[in-house]
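Asks: Okay, so here is upload03.cif, and as you'll see once you scroll down, it has mmCIF, C-alpha atoms and all ligand atoms.
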data_model
#
loop_
_atom_site.label_atom_id
_atom_site.label_comp_id
_atom_site.auth_asym_id
_atom_site.auth_seq_id
_atom_site.Cartn_x
_atom_site.Cartn_y
_atom_site.Cartn_z
CA MET T 8 -93.77 -42.31 83.10
CA THR T 9 -93.70 -42.82 79.32
CA LEU T 10 -92.25 -46.23 78.58
CA MET T 11 -90.16 -46.64 75.47
CA LYS T 12 -91.42 -49.10 72.89
CA LEU T 13 -89.23 -52.17 73.36
CA PRO T 14 -86.86 -52.57 70.43
CA ASN T 15 -86.98 -55.65 68.28
CA LEU T 16 -83.50 -57.04 69.01
CA PRO T 17 -81.93 -60.47 68.54
CA ALA T 18 -81.26 -60.83 72.31
CA ARG T 19 -82.41 -59.31 75.61
CA LEU T 20 -80.97 -56.16 77.23
CA ARG T 21 -81.19 -55.14 80.89
CA PRO T 22 -84.93 -54.58 81.40
CA LEU T 23 -84.27 -51.52 83.55
CA VAL T 24 -82.40 -49.83 80.71
CA GLU T 25 -84.82 -51.01 78.01
CA GLU T 26 -87.69 -49.49 79.95
CA MET T 27 -86.09 -46.14 80.81
CA SER T 28 -88.14 -43.22 79.56
CA GLY T 29 -86.53 -41.16 76.83
CA SER T 30 -85.82 -37.43 77.21
CA ARG T 31 -88.95 -35.28 76.97
CA ILE T 32 -86.84 -32.41 75.64
CA ARG T 33 -85.82 -34.67 72.76
CA ALA T 34 -89.48 -35.64 72.32
CA VAL T 35 -90.16 -31.97 71.52
CA SER T 36 -87.01 -31.34 69.46
CA GLU T 37 -87.52 -34.46 67.36
CA SER T 38 -91.12 -33.47 66.67
CA ALA T 39 -89.73 -30.36 64.90
CA PHE T 40 -86.75 -31.93 63.14
CA GLY T 41 -85.91 -30.05 59.92
CA LYS T 42 -88.41 -27.23 60.51
CA THR T 43 -87.31 -24.04 58.74
CA GLY T 44 -86.94 -20.77 60.65
CA LEU T 45 -86.90 -22.55 63.99
CA ILE T 46 -85.46 -20.71 67.05
CA PRO T 47 -84.21 -23.50 69.33
CA LEU T 48 -84.16 -22.49 73.01
CA TRP T 49 -84.75 -25.98 74.42
CA PHE T 50 -81.22 -27.20 75.17
CA GLY T 51 -78.84 -25.86 77.81
CA GLU T 52 -76.21 -24.35 75.60
CA SER T 53 -75.10 -21.06 74.12
CA ASP T 54 -75.47 -20.28 70.43
CA ARG T 55 -71.87 -18.99 70.56
CA VAL T 56 -69.02 -21.14 69.32
CA THR T 57 -66.05 -21.93 71.54
CA PRO T 58 -63.69 -18.93 71.80
CA PRO T 59 -60.55 -19.01 69.58
CA PHE T 60 -58.00 -19.18 72.41
CA VAL T 61 -59.50 -22.51 73.52
CA ASN T 62 -59.40 -23.88 69.95
CA GLU T 63 -55.75 -22.75 69.76
CA GLY T 64 -54.96 -24.75 72.89
CA ALA T 65 -56.31 -27.90 71.22
CA LYS T 66 -54.60 -27.19 67.88
CA LYS T 67 -51.21 -26.61 69.51
CA ALA T 68 -51.63 -29.82 71.53
CA LEU T 69 -52.39 -31.83 68.39
CA ASP T 70 -49.39 -30.34 66.58
CA ALA T 71 -47.20 -31.13 69.59
CA GLY T 72 -48.28 -34.80 69.41
CA HIS T 73 -50.62 -34.95 72.40
CA THR T 74 -52.54 -37.87 70.93
CA PHE T 75 -51.75 -40.56 73.51
CA TYR T 76 -53.46 -41.96 76.61
CA THR T 77 -53.13 -39.69 79.63
CA PRO T 78 -53.23 -40.59 83.34
CA ASN T 79 -56.77 -41.64 84.32
CA ARG T 80 -57.25 -38.62 86.56
CA GLY T 81 -56.04 -36.19 83.91
CA ILE T 82 -52.79 -34.49 82.89
CA PRO T 83 -50.93 -33.00 85.87
CA ALA T 84 -50.88 -29.51 84.29
CA LEU T 85 -54.67 -29.37 84.02
CA ARG T 86 -55.22 -30.81 87.50
CA GLU T 87 -52.84 -28.16 88.86
CA ALA T 88 -54.56 -25.42 86.89
CA VAL T 89 -58.00 -26.47 88.16
CA ALA T 90 -56.68 -26.66 91.74
CA GLY T 91 -55.33 -23.10 91.40
CA TYR T 92 -58.52 -21.85 89.73
CA VAL T 93 -60.85 -23.30 92.38
CA SER T 94 -58.56 -22.13 95.19
CA GLY T 95 -58.78 -18.59 93.81
CA LEU T 96 -62.52 -18.72 93.28
CA ARG T 97 -63.32 -20.25 96.67
CA LYS T 98 -60.55 -18.57 98.73
CA ARG T 99 -59.54 -22.00 100.07
CA LYS T 100 -56.54 -24.15 99.35
CA ILE T 101 -57.48 -26.94 96.95
CA ASP T 102 -54.63 -29.39 96.24
CA VAL T 103 -53.90 -31.29 93.05
CA GLU T 104 -54.83 -34.45 94.96
CA ASN T 105 -58.36 -33.09 95.36
CA VAL T 106 -58.84 -32.71 91.59
CA THR T 107 -59.84 -35.33 89.01
CA ILE T 108 -60.49 -34.49 85.36
CA THR T 109 -63.51 -36.12 83.70
CA ALA T 110 -64.97 -36.30 80.21
CA SER T 111 -67.78 -33.78 80.97
CA GLY T 112 -70.07 -32.94 83.85
CA VAL T 113 -72.51 -35.73 83.09
CA ASN T 114 -69.63 -38.21 82.92
CA ALA T 115 -68.53 -36.96 86.36
CA ILE T 116 -72.06 -37.54 87.70
CA MET T 117 -72.11 -41.13 86.42
CA LEU T 118 -68.58 -41.87 87.68
CA VAL T 119 -69.40 -40.53 91.14
CA MET T 120 -72.62 -42.56 91.28
CA GLN T 121 -70.65 -45.66 90.29
CA THR T 122 -68.47 -45.16 93.38
CA LEU T 123 -71.47 -44.76 95.73
CA VAL T 124 -74.59 -46.59 94.61
CA SER T 125 -75.23 -50.32 95.03
CA PRO T 126 -78.59 -51.83 93.99
CA GLY T 127 -81.24 -50.70 96.48
CA ASP T 128 -79.29 -47.69 97.75
CA ASN T 129 -80.87 -44.29 97.31
CA VAL T 130 -79.67 -40.79 96.50
CA VAL T 131 -81.85 -37.86 97.57
CA LEU T 132 -81.95 -35.12 94.92
CA VAL T 133 -83.22 -31.57 95.20
CA THR T 134 -85.75 -31.17 92.36
CA PRO T 135 -86.96 -30.04 89.80
CA LEU T 136 -83.69 -31.14 88.25
CA TRP T 137 -81.97 -31.91 84.97
CA PRO T 138 -83.12 -35.51 84.48
CA ASN T 139 -79.71 -37.12 83.87
CA CYS T 140 -78.79 -36.85 87.57
CA ALA T 141 -81.64 -39.13 88.71
CA ASP T 142 -81.20 -41.37 85.67
CA ALA T 143 -77.58 -42.07 86.64
CA VAL T 144 -78.84 -43.44 89.98
CA SER T 145 -81.57 -45.51 88.28
CA ALA T 146 -79.11 -46.93 85.74
CA LEU T 147 -77.15 -48.43 88.65
CA SER T 148 -80.32 -50.02 90.09
CA GLY T 149 -80.38 -47.39 92.82
CA GLU T 150 -83.40 -45.35 93.85
CA PRO T 151 -83.44 -41.64 93.05
CA ARG T 152 -85.54 -39.91 95.73
CA ARG T 153 -86.92 -36.51 94.94
CA ALA T 154 -87.02 -33.69 97.48
CA SER T 155 -88.89 -30.92 95.73
CA LEU T 156 -88.20 -27.23 96.15
CA THR T 157 -91.37 -25.27 96.90
CA ALA T 158 -92.69 -22.96 94.18
CA VAL T 159 -93.25 -19.46 95.58
CA ASN T 160 -94.38 -16.59 93.34
CA GLY T 161 -92.73 -18.03 90.25
CA GLY T 162 -89.48 -18.79 92.15
CA TRP T 163 -88.31 -21.71 94.30
CA LYS T 164 -87.42 -22.27 97.98
CA LEU T 165 -85.68 -25.14 99.73
CA ASP T 166 -87.42 -26.93 102.59
CA LEU T 167 -84.57 -28.52 104.57
CA ASP T 168 -86.91 -30.63 106.73
CA ARG T 169 -88.48 -32.13 103.63
CA LEU T 170 -85.03 -32.82 102.20
CA PHE T 171 -83.74 -34.53 105.34
CA ALA T 172 -86.98 -36.50 105.81
CA GLN T 173 -86.30 -38.25 102.50
CA CYS T 174 -83.06 -39.76 103.87
CA ASP T 175 -82.91 -43.19 105.50
CA ASP T 176 -80.31 -45.86 106.21
CA ARG T 177 -80.02 -46.72 102.50
CA THR T 178 -79.23 -43.12 101.56
CA ARG T 179 -75.71 -42.73 100.20
CA ALA T 180 -75.80 -39.07 99.21
CA ILE T 181 -77.73 -35.84 98.96
CA PHE T 182 -77.44 -34.27 95.50
CA VAL T 183 -77.74 -30.50 95.23
CA ASN T 184 -77.51 -28.72 91.88
CA SER T 185 -76.96 -25.06 92.66
CA PRO T 186 -77.36 -22.86 90.66
CA GLY T 187 -80.10 -25.15 89.48
CA ASN T 188 -81.20 -26.35 86.09
CA PRO T 189 -84.03 -25.66 85.27
CA THR T 190 -84.96 -23.34 88.16
CA GLY T 191 -81.97 -20.97 88.48
CA TRP T 192 -82.44 -21.48 92.24
CA MET T 193 -79.30 -20.90 94.31
CA ALA T 194 -78.67 -22.52 97.70
CA LYS T 195 -77.96 -20.04 100.50
CA PRO T 196 -74.74 -20.45 102.52
CA GLU T 197 -76.74 -21.35 105.65
CA GLU T 198 -78.66 -24.03 103.73
CA LEU T 199 -75.39 -25.53 102.48
CA ARG T 200 -74.06 -25.44 106.04
CA ALA T 201 -77.12 -27.36 107.30
CA ILE T 202 -76.76 -29.95 104.52
CA LEU T 203 -73.06 -30.41 105.27
CA GLU T 204 -73.78 -30.79 108.99
CA PHE T 205 -76.48 -33.40 108.26
CA CYS T 206 -74.19 -35.36 105.92
CA ARG T 207 -71.33 -35.32 108.44
CA LYS T 208 -73.63 -36.67 111.14
CA ARG T 209 -75.14 -39.37 108.94
CA ARG T 210 -71.80 -40.19 107.28
CA ILE T 211 -73.28 -39.77 103.83
CA TRP T 212 -71.97 -37.73 100.88
CA ALA T 213 -73.04 -34.28 99.79
CA ILE T 214 -72.75 -34.06 96.01
CA ALA T 215 -72.73 -30.53 94.63
CA ASP T 216 -73.37 -30.08 90.91
CA GLU T 217 -71.89 -26.64 90.29
CA VAL T 218 -71.67 -26.48 86.51
CA TYR T 219 -73.42 -23.06 86.54
CA GLU T 220 -71.33 -21.54 89.37
CA ARG T 221 -69.89 -18.80 87.10
CA LEU T 222 -73.20 -17.84 85.46
CA VAL T 223 -74.37 -15.70 88.38
CA TYR T 224 -75.79 -12.19 88.10
CA ASP T 225 -75.96 -10.84 91.65
CA ARG T 226 -72.48 -11.80 92.93
CA PRO T 227 -69.17 -13.07 91.50
CA VAL T 228 -69.76 -16.79 92.11
CA SER T 229 -72.51 -18.96 93.61
CA PRO T 230 -72.23 -20.16 97.23
CA SER T 231 -70.70 -23.65 97.38
CA LEU T 232 -70.12 -26.53 99.73
CA VAL T 233 -66.47 -26.15 98.73
CA ASP T 234 -66.48 -22.75 100.52
CA ILE T 235 -67.21 -24.39 103.86
CA ALA T 236 -65.94 -27.98 103.66
CA THR T 237 -62.76 -29.10 105.43
CA PRO T 238 -60.43 -31.38 103.44
CA ASP T 239 -61.91 -34.49 105.12
CA ASP T 240 -65.57 -33.62 104.72
CA PRO T 241 -67.79 -35.93 102.63
CA VAL T 242 -68.22 -33.39 99.84
CA ILE T 243 -67.93 -34.07 96.12
CA SER T 244 -68.19 -31.08 93.78
CA ILE T 245 -68.93 -31.73 90.12
CA ASN T 246 -68.06 -29.18 87.46
CA SER T 247 -67.74 -28.73 83.71
CA PHE T 248 -66.09 -26.64 81.02
CA SER T 249 -69.34 -26.71 79.00
CA LYS T 250 -71.18 -23.65 80.28
CA ALA T 251 -68.67 -20.98 81.35
CA TRP T 252 -66.38 -21.39 78.31
CA CYS T 253 -68.96 -22.46 75.65
CA MET T 254 -67.40 -25.92 75.33
CA THR T 255 -70.44 -28.23 75.34
CA GLY T 256 -69.14 -30.33 72.44
CA TRP T 257 -65.68 -30.87 73.90
CA ARG T 258 -66.82 -33.07 76.79
CA LEU T 259 -64.59 -31.96 79.66
CA GLY T 260 -65.26 -31.57 83.37
CA TRP T 261 -63.77 -32.09 86.81
CA VAL T 262 -64.44 -33.31 90.32
CA ILE T 263 -63.20 -31.81 93.60
CA ALA T 264 -63.24 -34.34 96.46
CA PRO T 265 -61.28 -35.45 99.54
CA ALA T 266 -57.77 -36.59 98.60
CA GLY T 267 -58.37 -40.25 99.41
CA TYR T 268 -61.39 -40.44 97.10
CA GLY T 269 -59.56 -39.57 93.87
CA ASP T 270 -57.82 -42.93 93.47
CA THR T 271 -61.18 -44.71 93.64
CA LEU T 272 -62.52 -42.35 91.01
CA GLY T 273 -59.40 -43.12 88.94
CA LYS T 274 -60.26 -46.84 89.13
CA VAL T 275 -63.75 -46.34 87.69
CA ILE T 276 -62.40 -43.92 85.07
CA GLU T 277 -60.14 -46.75 83.85
CA PHE T 278 -63.07 -48.88 82.68
CA ASN T 279 -65.34 -46.00 81.61
CA MET T 280 -63.16 -43.89 79.31
CA SER T 281 -59.54 -44.24 80.52
CA ALA T 282 -59.25 -40.47 80.88
CA ALA T 283 -60.65 -37.45 79.08
CA THR T 284 -59.41 -36.89 75.51
CA SER T 285 -55.77 -35.83 75.55
CA PHE T 286 -55.81 -32.69 73.36
CA VAL T 287 -59.17 -31.62 74.84
CA GLN T 288 -57.50 -31.48 78.24
CA HIS T 289 -55.01 -29.00 76.71
CA ALA T 290 -57.94 -26.94 75.45
CA GLY T 291 -59.23 -26.93 79.03
CA LEU T 292 -55.87 -25.65 80.18
CA ALA T 293 -56.17 -22.70 77.79
CA ALA T 294 -59.72 -22.05 79.03
CA ILE T 295 -58.57 -21.86 82.65
CA ARG T 296 -55.41 -19.85 81.95
CA GLU T 297 -56.84 -17.32 79.49
CA GLY T 298 -60.60 -17.49 79.94
CA GLU T 299 -61.49 -14.87 82.56
CA PRO T 300 -62.21 -12.00 80.14
CA PHE T 301 -64.40 -14.35 78.09
CA VAL T 302 -66.35 -15.53 81.16
CA ALA T 303 -66.94 -11.90 82.17
CA GLU T 304 -68.17 -11.13 78.64
CA ILE T 305 -70.70 -13.95 78.45
CA VAL T 306 -71.98 -13.28 81.96
CA GLU T 307 -72.71 -9.71 80.87
CA GLN T 308 -74.39 -10.95 77.68
CA TYR T 309 -76.55 -13.40 79.65
CA ARG T 310 -77.40 -10.76 82.25
CA GLN T 311 -78.83 -8.54 79.52
CA ALA T 312 -80.62 -11.51 77.95
CA ARG T 313 -82.02 -12.47 81.36
CA ASP T 314 -83.37 -8.94 81.86
CA LEU T 315 -84.95 -8.85 78.41
CA VAL T 316 -86.60 -12.26 78.82
CA THR T 317 -87.81 -11.56 82.37
CA GLN T 318 -89.33 -8.26 81.32
CA ARG T 319 -91.04 -9.64 78.21
CA LEU T 320 -92.32 -12.88 79.77
CA GLY T 321 -93.41 -10.94 82.86
CA GLY T 322 -95.73 -8.91 80.64
CA MET T 323 -97.52 -11.98 79.27
CA ARG T 324 -100.82 -12.58 80.99
CA ARG T 325 -100.57 -16.34 81.63
CA VAL T 326 -96.91 -16.32 82.74
CA ARG T 327 -95.63 -16.29 86.32
CA MET T 328 -91.88 -16.18 86.87
CA ALA T 329 -89.27 -14.76 89.23
CA ARG T 330 -86.14 -13.16 87.77
CA PRO T 331 -83.39 -15.82 87.94
CA ASP T 332 -80.16 -14.75 89.66
CA ALA T 333 -78.13 -17.54 88.09
CA ALA T 334 -77.77 -20.07 85.24
CA PHE T 335 -79.18 -19.26 81.78
CA TYR T 336 -82.76 -20.41 81.99
CA ALA T 337 -86.12 -18.71 82.32
CA PHE T 338 -88.30 -21.33 84.02
CA PHE T 339 -91.85 -20.03 84.05
CA GLN T 340 -95.27 -21.20 85.14
CA VAL T 341 -98.12 -20.94 82.66
CA ASP T 342 -101.62 -20.43 84.04
CA GLY T 343 -104.04 -23.09 82.90
CA MET T 344 -101.42 -25.28 81.21
CA LYS T 345 -102.05 -28.93 82.10
CA ASP T 346 -99.62 -30.71 79.78
CA SER T 347 -96.25 -29.01 79.27
CA LEU T 348 -95.07 -31.62 76.75
CA ALA T 349 -98.12 -31.12 74.53
CA THR T 350 -97.81 -27.32 74.89
CA ALA T 351 -94.10 -27.30 73.98
CA LYS T 352 -94.85 -29.45 70.92
CA GLU T 353 -97.69 -27.11 69.94
CA ILE T 354 -95.54 -23.99 70.38
CA VAL T 355 -92.77 -25.38 68.19
CA ALA T 356 -95.24 -26.56 65.54
CA LYS T 357 -97.24 -23.30 65.40
CA HIS T 358 -94.67 -20.65 66.32
CA GLY T 359 -91.30 -22.24 65.50
CA VAL T 360 -89.80 -21.70 68.99
CA GLY T 361 -88.23 -24.63 70.80
CA LEU T 362 -88.88 -24.71 74.57
CA ALA T 363 -88.28 -27.51 77.08
CA PRO T 364 -91.41 -28.87 78.81
CA GLY T 365 -91.33 -28.61 82.62
CA ILE T 366 -92.31 -32.28 82.99
CA ALA T 367 -88.84 -33.17 81.62
CA PHE T 368 -87.47 -32.08 85.03
CA GLY T 369 -89.85 -34.19 87.11
CA PRO T 370 -93.49 -34.12 88.15
CA GLU T 371 -92.82 -30.89 90.12
CA GLY T 372 -92.09 -29.20 86.77
CA GLU T 373 -95.51 -29.89 85.23
CA GLY T 374 -97.23 -26.60 84.45
CA TRP T 375 -93.89 -24.91 83.67
CA LEU T 376 -91.76 -24.30 80.56
CA ARG T 377 -88.01 -23.64 80.27
CA LEU T 378 -86.42 -21.21 77.85
CA CYS T 379 -82.61 -21.05 77.54
CA PHE T 380 -81.64 -17.40 77.06
CA ALA T 381 -77.97 -17.99 76.08
CA THR T 382 -78.78 -16.64 72.62
CA SER T 383 -78.45 -13.30 70.81
CA LYS T 384 -80.90 -10.56 71.79
CA ALA T 385 -82.23 -10.39 68.23
CA LYS T 386 -83.16 -14.09 68.24
CA LEU T 387 -84.62 -13.86 71.74
CA SER T 388 -86.78 -10.85 70.81
CA GLU T 389 -88.05 -12.65 67.73
CA ALA T 390 -88.79 -15.81 69.77
CA LEU T 391 -90.66 -13.78 72.42
CA ASP T 392 -92.71 -12.01 69.74
CA ARG T 393 -93.67 -15.36 68.31
CA ILE T 394 -94.70 -17.04 71.59
CA GLU T 395 -96.54 -14.02 73.01
CA PRO T 396 -99.93 -14.93 71.49
CA ALA T 397 -99.76 -18.42 73.02
CA LEU T 398 -98.96 -17.07 76.50
CA SER T 399 -101.13 -13.97 76.71
C1 LIG P 1 -77.26 -29.46 86.15
C2 LIG P 1 -76.35 -29.97 85.11
N1 LIG P 1 -75.33 -30.76 85.48
C3 LIG P 1 -74.48 -31.25 84.58
C4 LIG P 1 -74.60 -30.94 83.25
C5 LIG P 1 -73.62 -31.58 82.33
O1 LIG P 1 -72.92 -30.79 81.47
P1 LIG P 1 -71.82 -31.42 80.54
O2 LIG P 1 -72.04 -32.89 80.49
O3 LIG P 1 -71.99 -30.78 79.20
O4 LIG P 1 -70.51 -31.10 81.17
C6 LIG P 1 -75.65 -30.14 82.81
C7 LIG P 1 -75.85 -29.85 81.38
O5 LIG P 1 -76.84 -29.31 80.95
C8 LIG P 1 -76.54 -29.62 83.77
O6 LIG P 1 -77.56 -28.83 83.43
#
Translate this structure into structure tokens?
Replies:
Amino acid sequence: MTLMKLPNLPARLRPLVEEMSGSRIRAVSESAFGKTGLIPLWFGESDRVTPPFVNEGAKKALDAGHTFYTPNRGIPALREAVAGYVSGLRKRKIDVENVTITASGVNAIMLVMQTLVSPGDNVVLVTPLWPNCADAVSALSGEPRRASLTAVNGGWKLDLDRLFAQCDDRTRAIFVNSPGNPTGWMAKPEELRAILEFCRKRRIWAIADEVYERLVYDRPVSPSLVDIATPDDPVISINSFSKAWCMTGWRLGWVIAPAGYGDTLGKVIEFNMSAATSFVQHAGLAAIREGEPFVAEIVEQYRQARDLVTQRLGGMRRVRMARPDAAFYAFFQVDGMKDSLATAKEIVAKHGVGLAPGIAFGPEGEGWLRLCFATSKAKLSEALDRIEPALS
């Protein structure tokens, strides 16, 4: 673990927070700050701006005076819209009482952890994984426990026995991000069923991070715990407007959970942000109501980008990767690479292409690099031309 240099401050902070390691993706991006001609593929976002109908939703809300506090769990119209949207997607009845609006997916993760984790408790996470999920547990003095997927021929497989073996009597939840960042791995329905069964028996929570559920290339939507959970099951599904509607900067997400849980979430929302931004919630309403053609369009764009990247990277001698069926990342293993952080810094310095180092997603990710392909084909082709000499 890289420890941050302690800041020279006039008074002490919580040691645990002072000593948290900084993001390794940022360590690469900051090393290239201001570089001309850079093609940044390191962060998990599209190069497309938010579609106009979403902006219109926000503009109309501002003009109509929606500038006040809203209920902690979100405006009723958006909660109803999300309930209808998820019911349609999952072919199950989701009620308004099951829905809570949050100020982004990562905010939802932190809020949920605040309702579950006391110091010394642990959460078992399927890894490699976007680092913020484990960091939320650590920030609450909990213990993030990693249950690694197994790398097989450039792809990843879940070992349920290994996952369950990580759980003990201080485990409060199992955290599954499917489709996964960075791997693009998708849990199978039978794996989700086994996890749900285990959580029911142990009376612990199953947290599903499903922010990539719409970015799926071999079926309409990824399998979910929401497909199989009864209303009283210990299942919390976390979602976001960021990825499917190109709204990363808006900071809007939601949680689906048993009806009785929402009021507790509302209590912690009160002292975190007292609800998501009012007019942004109206933008979310426009996204849900009018967004299906846009979602279909970007999925098709990403499918073509995925095919291009898989084909080109697959032809590079040192690269091993399986074609991802979901999310917008190529996560690939590089033969002979010992230090992914140093390699990513070298690639950006020499070739002007920003990649995320695999180590950013945990020790299991060392030896791998992540490329976000939610970018125009022209830019991707140029980036692949540039990195080819380093990977062949
Ligand atoms: C797995 C995962 N969960 C949650 C998020 C949070 O997204 P946001 O906070 O933009 O809603 C991300 C963003 O990259 C992610 O990759």
Asks: State, in Å with one decimal place, the distance from CA of Gly187 (chain T) to CA of Gly162 (chain T).
Replies: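 These two atoms are separated by 11.6 Å.
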Asks: Could I get the residue neighbourhood of ligand LIG 1 (chain P) at 6 Å, counting only C-alpha atoms and all ligand atoms, as a list of chain:residue names?
Replies: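 Every residue with an atom at most 6 Å from ligand LIG 1 (chain P) is listed here: T:Gly51, T:Ser111, T:Gly112, T:Val113, T:Trp137, T:Asn184, T:Asn188, T:Asp216, T:Val218, T:Ser247, T:Ser249, T:Thr255, T:Gly260.
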Asks: Check the smallest atom-to-atom distance from each of T:Met280, T:Leu132, T:Ile181, T:Val35 to Phe205 (chain T) using only C-alpha atoms, then report the winner.
Replies: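 Checking each of T:Met280, T:Leu132, T:Ile181, T:Val35 against Phe205 (chain T), counting only C-alpha atoms, the winner is T:Ile181.
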Asks: Which is closer to Tyr76 (chain T) than all the others in T:Ala283, T:Thr190, T:Met120, T:Met254, using all atoms listed in the file?
Replies: T:Ala283
Asks: Write out as a VMD selection string each polymer residue whose atoms come within 7 Å of region 311-328 of chain T, counting only C-alpha atoms; drop sequence neighbours fewer than 5 positions from it.
Replies: chain T and resid 160 to 162 338 to 342 380 384 395 398 to 399
Asks: Which residues are near Pro196 (chain T)? Cut-off 12 Å, all atoms listed in the file, ignore same chain within fewer than 2 positions. Put them as a list in words.
Replies: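 That gives Ser185, Met193, Ala194, Glu198, Leu199, Arg200, Ala201, Ile202, Leu203, Ser229, Pro230, Ser231, Leu232, Val233, Asp234, Ile235 and Ala236 of chain T.
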Asks: Can you give me N, CA, C and O atoms for region 262-274 of chain T, written as a tab-separated table (two decimals), keeping the file's coordinate frame?
Replies:
chain	number	residue	atom	x	y	z
T	262	VAL	N	-63.86	-33.01	89.01
T	262	VAL	CA	-64.44	-33.31	90.32
T	262	VAL	C	-63.46	-32.81	91.38
T	262	VAL	O	-62.26	-32.99	91.23
T	263	ILE	N	-63.99	-32.16	92.42
T	263	ILE	CA	-63.20	-31.81	93.60
T	263	ILE	C	-63.72	-32.69	94.74
T	263	ILE	O	-64.94	-32.73	94.98
T	264	ALA	N	-62.82	-33.41	95.40
T	264	ALA	CA	-63.24	-34.34	96.46
T	264	ALA	C	-62.09	-34.55	97.43
T	264	ALA	O	-60.95	-34.18	97.12
T	265	PRO	N	-62.37	-35.18	98.59
T	265	PRO	CA	-61.28	-35.45	99.54
T	265	PRO	C	-60.16	-36.25	98.86
T	265	PRO	O	-60.43	-37.08	97.98
T	266	ALA	N	-58.93	-36.01	99.29
T	266	ALA	CA	-57.77	-36.59	98.60
T	266	ALA	C	-57.88	-38.10	98.45
T	266	ALA	O	-57.59	-38.65	97.40
T	267	GLY	N	-58.33	-38.79	99.47
T	267	GLY	CA	-58.37	-40.25	99.41
T	267	GLY	C	-59.38	-40.81	98.42
T	267	GLY	O	-59.32	-41.97	98.03
T	268	TYR	N	-60.31	-39.97	97.99
T	268	TYR	CA	-61.39	-40.44	97.10
T	268	TYR	C	-60.93	-40.54	95.65
T	268	TYR	O	-61.41	-41.36	94.87
T	269	GLY	N	-59.96	-39.69	95.28
T	269	GLY	CA	-59.56	-39.57	93.87
T	269	GLY	C	-59.07	-40.87	93.26
T	269	GLY	O	-59.36	-41.15	92.09
T	270	ASP	N	-58.34	-41.68	94.04
T	270	ASP	CA	-57.82	-42.93	93.47
T	270	ASP	C	-58.96	-43.88	93.13
T	270	ASP	O	-58.89	-44.62	92.14
T	271	THR	N	-60.01	-43.87	93.94
T	271	THR	CA	-61.18	-44.71	93.64
T	271	THR	C	-61.84	-44.23	92.36
T	271	THR	O	-62.20	-45.02	91.49
T	272	LEU	N	-61.95	-42.90	92.24
T	272	LEU	CA	-62.52	-42.35	91.01
T	272	LEU	C	-61.65	-42.75	89.81
T	272	LEU	O	-62.16	-43.14	88.75
T	273	GLY	N	-60.33	-42.70	90.00
T	273	GLY	CA	-59.40	-43.12	88.94
T	273	GLY	C	-59.65	-44.56	88.51
T	273	GLY	O	-59.59	-44.88	87.31
T	274	LYS	N	-59.99	-45.42	89.47
T	274	LYS	CA	-60.26	-46.84	89.13
T	274	LYS	C	-61.48	-46.96	88.22
T	274	LYS	O	-61.48	-47.71	87.25
